[in-house]
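Colleague: Below is the file run.csv, with CSV, N, CA and C atoms and all ligand atoms.
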```
chain,number,residue,atom,x,y,z
P,1348,MET,N,-20.9,183.0,-195.8
P,1348,MET,CA,-21.5,182.5,-194.6
P,1348,MET,C,-20.9,183.2,-193.4
P,1349,GLY,N,-21.8,183.6,-192.5
P,1349,GLY,CA,-21.3,184.3,-191.3
P,1349,GLY,C,-20.6,183.3,-190.3
P,1350,LYS,N,-19.9,183.9,-189.4
P,1350,LYS,CA,-19.2,183.1,-188.4
P,1350,LYS,C,-20.1,182.2,-187.6
P,1351,GLN,N,-21.2,182.9,-187.2
P,1351,GLN,CA,-22.2,182.2,-186.4
P,1351,GLN,C,-22.8,181.0,-187.1
P,1352,ALA,N,-23.1,181.2,-188.3
P,1352,ALA,CA,-23.7,180.2,-189.1
P,1352,ALA,C,-22.8,179.0,-189.3
P,1353,ALA,N,-21.5,179.4,-189.5
P,1353,ALA,CA,-20.5,178.3,-189.6
P,1353,ALA,C,-20.3,177.5,-188.4
P,1354,LYS,N,-20.5,178.2,-187.2
P,1354,LYS,CA,-20.4,177.5,-186.0
P,1354,LYS,C,-21.5,176.5,-185.7
P,1355,LEU,N,-22.7,177.0,-186.1
P,1355,LEU,CA,-23.9,176.2,-185.9
P,1355,LEU,C,-23.8,174.9,-186.8
P,1356,LEU,N,-23.3,175.2,-188.0
P,1356,LEU,CA,-23.2,174.0,-188.9
P,1356,LEU,C,-22.2,173.0,-188.4
P,1357,ALA,N,-21.1,173.5,-187.9
P,1357,ALA,CA,-20.1,172.7,-187.3
P,1357,ALA,C,-20.6,171.9,-186.1
P,1358,GLN,N,-21.4,172.5,-185.3
P,1358,GLN,CA,-22.0,171.8,-184.2
P,1358,GLN,C,-22.9,170.7,-184.6
P,1359,GLU,N,-23.6,171.0,-185.6
P,1359,GLU,CA,-24.5,169.9,-186.2
P,1359,GLU,C,-23.7,168.8,-186.7
P,1360,ARG,N,-22.6,169.1,-187.4
P,1360,ARG,CA,-21.7,168.1,-188.0
P,1360,ARG,C,-21.1,167.2,-186.9
P,1361,ILE,N,-20.7,167.9,-185.9
P,1361,ILE,CA,-20.0,167.2,-184.8
P,1361,ILE,C,-21.0,166.2,-184.1
P,1362,LEU,N,-22.2,166.6,-183.9
P,1362,LEU,CA,-23.2,165.7,-183.3
P,1362,LEU,C,-23.5,164.5,-184.3
P,1363,ILE,N,-23.6,164.8,-185.5
P,1363,ILE,CA,-23.8,163.7,-186.5
P,1363,ILE,C,-22.7,162.7,-186.5
P,1364,LEU,N,-21.5,163.2,-186.4
P,1364,LEU,CA,-20.3,162.3,-186.4
P,1364,LEU,C,-20.2,161.5,-185.1
P,1365,ILE,N,-20.5,162.1,-184.0
P,1365,ILE,CA,-20.5,161.4,-182.7
P,1365,ILE,C,-21.6,160.3,-182.7
P,1366,ARG,N,-22.8,160.7,-183.2
P,1366,ARG,CA,-23.9,159.7,-183.2
P,1366,ARG,C,-23.5,158.5,-184.1
P,1367,SER,N,-22.9,158.8,-185.2
P,1367,SER,CA,-22.5,157.7,-186.1
P,1367,SER,C,-21.4,156.9,-185.5
P,1368,ALA,N,-20.5,157.5,-184.8
P,1368,ALA,CA,-19.4,156.8,-184.2
P,1368,ALA,C,-19.9,155.8,-183.2
P,1369,PHE,N,-20.9,156.3,-182.4
P,1369,PHE,CA,-21.6,155.4,-181.4
P,1369,PHE,C,-22.2,154.2,-182.1
P,1370,GLN,N,-22.8,154.4,-183.2
P,1370,GLN,CA,-23.5,153.3,-183.9
P,1370,GLN,C,-22.5,152.3,-184.5
P,1371,LYS,N,-21.3,152.8,-184.8
P,1371,LYS,CA,-20.3,151.9,-185.5
P,1371,LYS,C,-19.3,151.2,-184.5
P,1372,ILE,N,-19.3,151.7,-183.3
P,1372,ILE,CA,-18.2,151.3,-182.5
P,1372,ILE,C,-17.9,149.8,-182.3
P,1373,ASP,N,-19.0,149.0,-182.3
P,1373,ASP,CA,-18.8,147.6,-182.2
P,1373,ASP,C,-18.5,146.9,-183.5
P,1374,ASP,N,-18.9,147.5,-184.6
P,1374,ASP,CA,-18.7,146.9,-185.9
P,1374,ASP,C,-17.4,147.3,-186.5
P,1375,ASP,N,-17.1,148.6,-186.4
P,1375,ASP,CA,-15.9,149.0,-187.1
P,1375,ASP,C,-15.2,150.1,-186.2
P,1376,TYR,N,-14.4,149.7,-185.3
P,1376,TYR,CA,-13.9,150.6,-184.3
P,1376,TYR,C,-13.1,151.7,-185.0
P,1377,GLU,N,-12.2,151.3,-186.0
P,1377,GLU,CA,-11.4,152.3,-186.6
P,1377,GLU,C,-12.2,153.4,-187.3
P,1378,LEU,N,-13.2,153.0,-187.9
P,1378,LEU,CA,-14.1,154.1,-188.5
P,1378,LEU,C,-14.7,154.9,-187.5
P,1379,ALA,N,-15.3,154.3,-186.4
P,1379,ALA,CA,-15.9,155.1,-185.4
P,1379,ALA,C,-14.9,156.1,-184.8
P,1380,ASN,N,-13.7,155.6,-184.5
P,1380,ASN,CA,-12.7,156.4,-183.9
P,1380,ASN,C,-12.3,157.6,-184.9
P,1381,SER,N,-12.2,157.3,-186.1
P,1381,SER,CA,-11.8,158.4,-187.0
P,1381,SER,C,-12.9,159.4,-187.1
P,1382,GLN,N,-14.2,159.0,-187.0
P,1382,GLN,CA,-15.2,160.0,-187.0
P,1382,GLN,C,-15.2,160.8,-185.8
P,1383,ALA,N,-14.9,160.2,-184.7
P,1383,ALA,CA,-14.8,160.9,-183.4
P,1383,ALA,C,-13.7,161.9,-183.4
P,1384,GLN,N,-12.6,161.5,-184.0
P,1384,GLN,CA,-11.4,162.4,-184.1
P,1384,GLN,C,-11.7,163.6,-185.0
P,1385,LEU,N,-12.4,163.3,-186.1
P,1385,LEU,CA,-12.8,164.4,-187.0
P,1385,LEU,C,-13.7,165.4,-186.3
P,1386,ALA,N,-14.6,164.9,-185.5
P,1386,ALA,CA,-15.5,165.8,-184.7
P,1386,ALA,C,-14.7,166.7,-183.8
P,1387,LYS,N,-13.6,166.2,-183.2
P,1387,LYS,CA,-12.8,166.9,-182.3
P,1387,LYS,C,-12.0,168.0,-183.1
P,1388,LYS,N,-11.6,167.6,-184.3
P,1388,LYS,CA,-10.8,168.5,-185.1
P,1388,LYS,C,-11.6,169.7,-185.6
P,1389,ILE,N,-12.9,169.4,-185.9
P,1389,ILE,CA,-13.8,170.4,-186.4
P,1389,ILE,C,-14.0,171.4,-185.2
P,1390,ALA,N,-14.2,170.9,-184.0
P,1390,ALA,CA,-14.4,171.7,-182.9
P,1390,ALA,C,-13.2,172.6,-182.6
P,1391,LYS,N,-12.1,172.1,-182.8
P,1391,LYS,CA,-10.8,172.8,-182.5
P,1391,LYS,C,-10.6,173.9,-183.5
P,1392,ARG,N,-10.9,173.5,-184.8
P,1392,ARG,CA,-10.7,174.5,-185.9
P,1392,ARG,C,-11.6,175.7,-185.7
P,1393,LEU,N,-12.8,175.5,-185.2
P,1393,LEU,CA,-13.7,176.6,-185.0
P,1393,LEU,C,-13.8,177.1,-183.6
P,1394,ARG,N,-12.8,176.6,-182.8
P,1394,ARG,CA,-12.8,177.0,-181.4
P,1394,ARG,C,-14.1,176.8,-180.7
P,1395,LEU,N,-14.7,175.7,-180.9
P,1395,LEU,CA,-15.9,175.4,-180.2
P,1395,LEU,C,-15.5,174.5,-179.1
P,1396,LYS,N,-16.2,174.6,-178.0
P,1396,LYS,CA,-16.0,173.8,-176.8
P,1396,LYS,C,-17.0,172.6,-176.9
P,1397,LEU,N,-16.4,171.4,-176.9
P,1397,LEU,CA,-17.3,170.3,-177.0
P,1397,LEU,C,-18.1,170.1,-175.7
P,1398,PRO,N,-19.4,169.7,-175.8
P,1398,PRO,CA,-20.1,169.5,-174.6
P,1398,PRO,C,-19.5,168.5,-173.7
P,1399,TYR,N,-19.7,168.6,-172.4
P,1399,TYR,CA,-19.1,167.8,-171.4
P,1399,TYR,C,-19.3,166.3,-171.8
P,1400,ASP,N,-20.5,165.9,-172.1
P,1400,ASP,CA,-20.8,164.5,-172.4
P,1400,ASP,C,-20.0,164.0,-173.6
P,1401,ILE,N,-19.7,164.8,-174.5
P,1401,ILE,CA,-18.8,164.4,-175.6
P,1401,ILE,C,-17.4,164.3,-175.2
P,1402,ARG,N,-16.9,165.3,-174.4
P,1402,ARG,CA,-15.5,165.3,-174.0
P,1402,ARG,C,-15.2,164.0,-173.3
P,1403,GLN,N,-16.2,163.4,-172.6
P,1403,GLN,CA,-15.9,162.2,-171.8
P,1403,GLN,C,-15.6,161.0,-172.7
P,1404,LEU,N,-15.9,161.2,-174.0
P,1404,LEU,CA,-15.7,160.0,-174.9
P,1404,LEU,C,-14.3,159.8,-175.5
P,1405,TYR,N,-13.4,160.6,-174.9
P,1405,TYR,CA,-12.0,160.5,-175.4
P,1405,TYR,C,-11.1,160.2,-174.2
P,1406,CYS,N,-10.3,159.2,-174.4
P,1406,CYS,CA,-9.4,158.8,-173.4
P,1406,CYS,C,-8.5,159.9,-173.0
P,1407,LYS,N,-8.2,160.1,-171.8
P,1407,LYS,CA,-7.3,161.2,-171.4
P,1407,LYS,C,-5.9,161.0,-171.8
P,1408,LYS,N,-5.5,159.8,-172.0
P,1408,LYS,CA,-4.2,159.5,-172.4
P,1408,LYS,C,-4.0,159.2,-173.9
P,1409,CYS,N,-4.6,158.2,-174.4
P,1409,CYS,CA,-4.4,157.9,-175.8
P,1409,CYS,C,-5.3,158.7,-176.7
P,1410,LYS,N,-6.3,159.4,-176.2
P,1410,LYS,CA,-7.1,160.4,-176.9
P,1410,LYS,C,-8.1,159.7,-177.9
P,1411,ARG,N,-8.1,158.3,-177.8
P,1411,ARG,CA,-9.0,157.6,-178.7
P,1411,ARG,C,-10.5,157.7,-178.2
P,1412,PHE,N,-11.4,157.3,-179.0
P,1412,PHE,CA,-12.8,157.3,-178.7
P,1412,PHE,C,-13.1,156.1,-177.8
P,1413,ILE,N,-13.7,156.4,-176.7
P,1413,ILE,CA,-14.0,155.3,-175.8
P,1413,ILE,C,-15.4,155.4,-175.3
P,1414,VAL,N,-16.1,154.3,-175.2
P,1414,VAL,CA,-17.5,154.2,-174.8
P,1414,VAL,C,-17.6,153.1,-173.7
P,1415,PRO,N,-18.2,153.4,-172.6
P,1415,PRO,CA,-18.4,152.4,-171.6
P,1415,PRO,C,-19.2,151.2,-172.1
P,1416,GLY,N,-18.8,150.0,-171.8
P,1416,GLY,CA,-19.4,148.8,-172.3
P,1416,GLY,C,-18.8,148.3,-173.6
P,1417,SER,N,-18.1,149.2,-174.3
P,1417,SER,CA,-17.4,148.8,-175.5
P,1417,SER,C,-15.9,148.6,-175.3
P,1418,ASN,N,-15.3,149.8,-175.0
P,1418,ASN,CA,-13.8,149.7,-174.8
P,1418,ASN,C,-13.3,150.5,-173.6
P,1419,CYS,N,-14.2,150.8,-172.7
P,1419,CYS,CA,-13.7,151.3,-171.4
P,1419,CYS,C,-14.6,150.9,-170.3
P,1420,ARG,N,-14.1,150.9,-169.1
P,1420,ARG,CA,-14.8,150.3,-168.0
P,1420,ARG,C,-15.0,151.5,-167.0
P,1421,VAL,N,-16.1,151.6,-166.4
P,1421,VAL,CA,-16.4,152.6,-165.5
P,1421,VAL,C,-16.8,152.0,-164.1
P,1422,ARG,N,-16.0,152.3,-163.1
P,1422,ARG,CA,-16.3,151.8,-161.8
P,1422,ARG,C,-16.5,153.0,-160.8
P,1423,ILE,N,-17.3,152.7,-159.8
P,1423,ILE,CA,-17.5,153.8,-158.8
P,1423,ILE,C,-16.4,153.5,-157.8
P,1424,GLY,N,-15.6,154.5,-157.5
P,1424,GLY,CA,-14.5,154.4,-156.5
P,1424,GLY,C,-15.1,154.1,-155.1
P,1425,ARG,N,-14.3,153.4,-154.3
P,1425,ARG,CA,-14.7,153.1,-153.0
P,1425,ARG,C,-14.2,154.0,-151.9
P,1426,SER,N,-13.4,155.0,-152.3
P,1426,SER,CA,-12.9,155.9,-151.3
P,1426,SER,C,-14.1,156.9,-150.9
P,1427,LYS,N,-13.8,157.7,-149.9
P,1427,LYS,CA,-14.8,158.7,-149.4
P,1427,LYS,C,-15.1,159.7,-150.5
P,1428,ILE,N,-14.1,160.0,-151.2
P,1428,ILE,CA,-14.3,161.0,-152.3
P,1428,ILE,C,-15.1,160.3,-153.4
P,1429,LYS,N,-16.2,160.9,-153.8
P,1429,LYS,CA,-17.0,160.3,-154.8
P,1429,LYS,C,-16.3,160.5,-156.2
P,1430,ALA,N,-16.0,159.4,-156.8
P,1430,ALA,CA,-15.3,159.5,-158.1
P,1430,ALA,C,-15.6,158.3,-158.9
P,1431,LEU,N,-15.4,158.4,-160.2
P,1431,LEU,CA,-15.5,157.3,-161.1
P,1431,LEU,C,-14.1,156.9,-161.5
P,1432,ARG,N,-13.9,155.6,-161.6
P,1432,ARG,CA,-12.6,155.1,-162.1
P,1432,ARG,C,-12.9,154.7,-163.5
P,1433,ILE,N,-12.2,155.3,-164.4
P,1433,ILE,CA,-12.4,154.9,-165.8
P,1433,ILE,C,-11.1,154.2,-166.3
P,1434,THR,N,-11.3,153.1,-166.8
P,1434,THR,CA,-10.2,152.3,-167.4
P,1434,THR,C,-10.4,152.3,-168.9
P,1435,CYS,N,-9.4,152.8,-169.6
P,1435,CYS,CA,-9.5,152.7,-171.1
P,1435,CYS,C,-8.9,151.3,-171.4
P,1436,LEU,N,-9.7,150.6,-172.2
P,1436,LEU,CA,-9.2,149.2,-172.5
P,1436,LEU,C,-8.3,149.2,-173.7
P,1437,LEU,N,-8.1,150.4,-174.3
P,1437,LEU,CA,-7.2,150.4,-175.4
P,1437,LEU,C,-5.7,150.7,-175.0
P,1438,CYS,N,-5.5,151.5,-174.0
P,1438,CYS,CA,-4.2,151.8,-173.5
P,1438,CYS,C,-4.0,151.4,-172.1
P,1439,ASN,N,-5.1,150.9,-171.5
P,1439,ASN,CA,-5.0,150.5,-170.1
P,1439,ASN,C,-4.8,151.6,-169.1
P,1440,ASN,N,-5.0,152.8,-169.5
P,1440,ASN,CA,-4.8,154.0,-168.6
P,1440,ASN,C,-6.0,154.0,-167.7
P,1441,VAL,N,-5.8,154.2,-166.4
P,1441,VAL,CA,-6.9,154.4,-165.5
P,1441,VAL,C,-6.9,155.8,-165.0
P,1442,TYR,N,-8.0,156.5,-165.0
P,1442,TYR,CA,-8.0,157.8,-164.4
P,1442,TYR,C,-9.3,158.0,-163.6
P,1443,ARG,N,-9.3,158.9,-162.8
P,1443,ARG,CA,-10.4,159.2,-161.9
P,1443,ARG,C,-11.1,160.4,-162.4
P,1444,LYS,N,-12.4,160.4,-162.2
P,1444,LYS,CA,-13.2,161.6,-162.5
P,1444,LYS,C,-14.1,161.9,-161.3
P,1445,LEU,N,-13.9,163.1,-160.7
P,1445,LEU,CA,-14.7,163.4,-159.6
P,1445,LEU,C,-16.1,163.7,-159.9
P,1446,LEU,N,-17.0,163.2,-159.1
P,1446,LEU,CA,-18.4,163.4,-159.3
P,1446,LEU,C,-18.9,164.7,-158.7
D,1501,ZN,ZN,-6.6,155.2,-173.7
```
Using the file provided, produce a representation of the structure as structure tokens.

Modeller:
Amino acid sequence: MGKQAAKLLAQERILILIRSAFQKIDDDYELANSQAQLAKKIAKRLRLKLPYDIRQLYCKKCKRFIVPGSNCRVRIGRSKIKALRITCLLCNNVYRKLL
């Protein structure tokens, strides 16, 4: 299998894993998290850059799988600089993301 084909396959697998992790997050967090971590590992192994939307699903600190409404909280900052305040409810880390 060529390198390009391997990458396409990996991309597909990553999307399937993330989708599945989303579906499971409220029922079985550990399973959802392990699928999300596996997706990251596959991307790393093949040196694929995860799409922005997917990169947002990992806490900057504890690196676990986080989804707004499940285990992280997203607030719009009140300062002049437009930013989101993201609180990971697993490690309580708060970080800002500029819009
Ligand atoms: Zn965290």

Colleague: Throw together the list of residues within 6.5 Å of ligand ZN 1501 (chain D), counting all atoms listed in the file, and drop it here as a PDB file with N, CA and C atoms, keeping the file's coordinate frame.

Modeller:
```
ATOM      1  N   CYS P1406     -10.300 159.200-174.400  1.00  0.00           N
ATOM      2  CA  CYS P1406      -9.400 158.800-173.400  1.00  0.00           C
ATOM      3  C   CYS P1406      -8.500 159.900-173.000  1.00  0.00           C
ATOM      4  N   LYS P1407      -8.200 160.100-171.800  1.00  0.00           N
ATOM      5  CA  LYS P1407      -7.300 161.200-171.400  1.00  0.00           C
ATOM      6  C   LYS P1407      -5.900 161.000-171.800  1.00  0.00           C
ATOM      7  N   LYS P1408      -5.500 159.800-172.000  1.00  0.00           N
ATOM      8  CA  LYS P1408      -4.200 159.500-172.400  1.00  0.00           C
ATOM      9  C   LYS P1408      -4.000 159.200-173.900  1.00  0.00           C
ATOM     10  N   CYS P1409      -4.600 158.200-174.400  1.00  0.00           N
ATOM     11  CA  CYS P1409      -4.400 157.900-175.800  1.00  0.00           C
ATOM     12  C   CYS P1409      -5.300 158.700-176.700  1.00  0.00           C
ATOM     13  N   LYS P1410      -6.300 159.400-176.200  1.00  0.00           N
ATOM     14  CA  LYS P1410      -7.100 160.400-176.900  1.00  0.00           C
ATOM     15  C   LYS P1410      -8.100 159.700-177.900  1.00  0.00           C
ATOM     16  N   ARG P1411      -8.100 158.300-177.800  1.00  0.00           N
ATOM     17  CA  ARG P1411      -9.000 157.600-178.700  1.00  0.00           C
ATOM     18  C   ARG P1411     -10.500 157.700-178.200  1.00  0.00           C
ATOM     19  N   CYS P1435      -9.400 152.800-169.600  1.00  0.00           N
ATOM     20  CA  CYS P1435      -9.500 152.700-171.100  1.00  0.00           C
ATOM     21  C   CYS P1435      -8.900 151.300-171.400  1.00  0.00           C
ATOM     22  N   LEU P1436      -9.700 150.600-172.200  1.00  0.00           N
ATOM     23  CA  LEU P1436      -9.200 149.200-172.500  1.00  0.00           C
ATOM     24  C   LEU P1436      -8.300 149.200-173.700  1.00  0.00           C
ATOM     25  N   LEU P1437      -8.100 150.400-174.300  1.00  0.00           N
ATOM     26  CA  LEU P1437      -7.200 150.400-175.400  1.00  0.00           C
ATOM     27  C   LEU P1437      -5.700 150.700-175.000  1.00  0.00           C
ATOM     28  N   CYS P1438      -5.500 151.500-174.000  1.00  0.00           N
ATOM     29  CA  CYS P1438      -4.200 151.800-173.500  1.00  0.00           C
ATOM     30  C   CYS P1438      -4.000 151.400-172.100  1.00  0.00           C
ATOM     31  N   ASN P1439      -5.100 150.900-171.500  1.00  0.00           N
ATOM     32  CA  ASN P1439      -5.000 150.500-170.100  1.00  0.00           C
ATOM     33  C   ASN P1439      -4.800 151.600-169.100  1.00  0.00           C
ATOM     34  N   ASN P1440      -5.000 152.800-169.500  1.00  0.00           N
ATOM     35  CA  ASN P1440      -4.800 154.000-168.600  1.00  0.00           C
ATOM     36  C   ASN P1440      -6.000 154.000-167.700  1.00  0.00           C
TER      37      ASN P1440
END
```

Colleague: Using DSSP on the backbone, list every residue of chain P that comes out as strand (DSSP E), and give them as a list of chain:residue names.

Modeller: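 These are the residues in question: P:Cys1419, P:Arg1420, P:Val1421, P:Arg1422, P:Ile1423, P:Ala1430, P:Leu1431, P:Arg1432, P:Ile1433, P:Thr1434, P:Cys1435, P:Val1441, P:Tyr1442, P:Arg1443, P:Lys1444, P:Leu1445.
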
Colleague: Tell me which of P:Met1348, P:Leu1356, P:Leu1431, P:Ile1372 sits closest to P:Gly1416, counting only C-alpha atoms.

Modeller: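 Going through P:Met1348, P:Leu1356, P:Leu1431, P:Ile1372 one by one, the smallest distance to P:Gly1416 is for P:Ile1372.
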
Colleague: Which is closest to P:Phe1369 among P:Ile1389, P:Arg1402, P:Val1414, P:Arg1394, if we use only N, CA and C atoms?

Modeller: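 Ranked by minimum distance to P:Phe1369, first place goes to P:Val1414.
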
Colleague: Write out as a PyMOL selection string all residues of chain P that backbone DSSP assigns to alpha helix (DSSP H).

Modeller: chain P and resi 1350-1371+1376-1392+1399-1402

Colleague: Which polymer residues have any atom within 12 Å of an atom of P:Gly1424, counting only C-alpha atoms, with same-chain residues fewer than 3 positions away left out, as a PDB file with N, CA and C atoms, in the coordinates of the input?

Modeller:
```pdb
ATOM      1  N   VAL P1421     -16.100 151.600-166.400  1.00  0.00           N
ATOM      2  CA  VAL P1421     -16.400 152.600-165.500  1.00  0.00           C
ATOM      3  C   VAL P1421     -16.800 152.000-164.100  1.00  0.00           C
ATOM      4  N   LYS P1427     -13.800 157.700-149.900  1.00  0.00           N
ATOM      5  CA  LYS P1427     -14.800 158.700-149.400  1.00  0.00           C
ATOM      6  C   LYS P1427     -15.100 159.700-150.500  1.00  0.00           C
ATOM      7  N   ILE P1428     -14.100 160.000-151.200  1.00  0.00           N
ATOM      8  CA  ILE P1428     -14.300 161.000-152.300  1.00  0.00           C
ATOM      9  C   ILE P1428     -15.100 160.300-153.400  1.00  0.00           C
ATOM     10  N   LYS P1429     -16.200 160.900-153.800  1.00  0.00           N
ATOM     11  CA  LYS P1429     -17.000 160.300-154.800  1.00  0.00           C
ATOM     12  C   LYS P1429     -16.300 160.500-156.200  1.00  0.00           C
ATOM     13  N   ALA P1430     -16.000 159.400-156.800  1.00  0.00           N
ATOM     14  CA  ALA P1430     -15.300 159.500-158.100  1.00  0.00           C
ATOM     15  C   ALA P1430     -15.600 158.300-158.900  1.00  0.00           C
ATOM     16  N   LEU P1431     -15.400 158.400-160.200  1.00  0.00           N
ATOM     17  CA  LEU P1431     -15.500 157.300-161.100  1.00  0.00           C
ATOM     18  C   LEU P1431     -14.100 156.900-161.500  1.00  0.00           C
ATOM     19  N   ARG P1432     -13.900 155.600-161.600  1.00  0.00           N
ATOM     20  CA  ARG P1432     -12.600 155.100-162.100  1.00  0.00           C
ATOM     21  C   ARG P1432     -12.900 154.700-163.500  1.00  0.00           C
ATOM     22  N   ILE P1433     -12.200 155.300-164.400  1.00  0.00           N
ATOM     23  CA  ILE P1433     -12.400 154.900-165.800  1.00  0.00           C
ATOM     24  C   ILE P1433     -11.100 154.200-166.300  1.00  0.00           C
ATOM     25  N   THR P1434     -11.300 153.100-166.800  1.00  0.00           N
ATOM     26  CA  THR P1434     -10.200 152.300-167.400  1.00  0.00           C
ATOM     27  C   THR P1434     -10.400 152.300-168.900  1.00  0.00           C
ATOM     28  N   VAL P1441      -5.800 154.200-166.400  1.00  0.00           N
ATOM     29  CA  VAL P1441      -6.900 154.400-165.500  1.00  0.00           C
ATOM     30  C   VAL P1441      -6.900 155.800-165.000  1.00  0.00           C
ATOM     31  N   TYR P1442      -8.000 156.500-165.000  1.00  0.00           N
ATOM     32  CA  TYR P1442      -8.000 157.800-164.400  1.00  0.00           C
ATOM     33  C   TYR P1442      -9.300 158.000-163.600  1.00  0.00           C
ATOM     34  N   ARG P1443      -9.300 158.900-162.800  1.00  0.00           N
ATOM     35  CA  ARG P1443     -10.400 159.200-161.900  1.00  0.00           C
ATOM     36  C   ARG P1443     -11.100 160.400-162.400  1.00  0.00           C
ATOM     37  N   LYS P1444     -12.400 160.400-162.200  1.00  0.00           N
ATOM     38  CA  LYS P1444     -13.200 161.600-162.500  1.00  0.00           C
ATOM     39  C   LYS P1444     -14.100 161.900-161.300  1.00  0.00           C
ATOM     40  N   LEU P1445     -13.900 163.100-160.700  1.00  0.00           N
ATOM     41  CA  LEU P1445     -14.700 163.400-159.600  1.00  0.00           C
ATOM     42  C   LEU P1445     -16.100 163.700-159.900  1.00  0.00           C
ATOM     43  N   LEU P1446     -17.000 163.200-159.100  1.00  0.00           N
ATOM     44  CA  LEU P1446     -18.400 163.400-159.300  1.00  0.00           C
ATOM     45  C   LEU P1446     -18.900 164.700-158.700  1.00  0.00           C
TER      46      LEU P1446
END
```

Colleague: Grab the atom C of P:Leu1364 to atom N of P:Lys1350 distance for me, in Å with one decimal place.

Modeller: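 Taking atom C of P:Leu1364 and atom N of P:Lys1350, their separation equals 22.8 Å.
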
Colleague: Which residue, P:Ser1417, P:Ala1383, P:Ala1390, P:Leu1404, has the smallest gap to P:Lys1354 when you use only C-alpha atoms?

Modeller: P:Ala1390
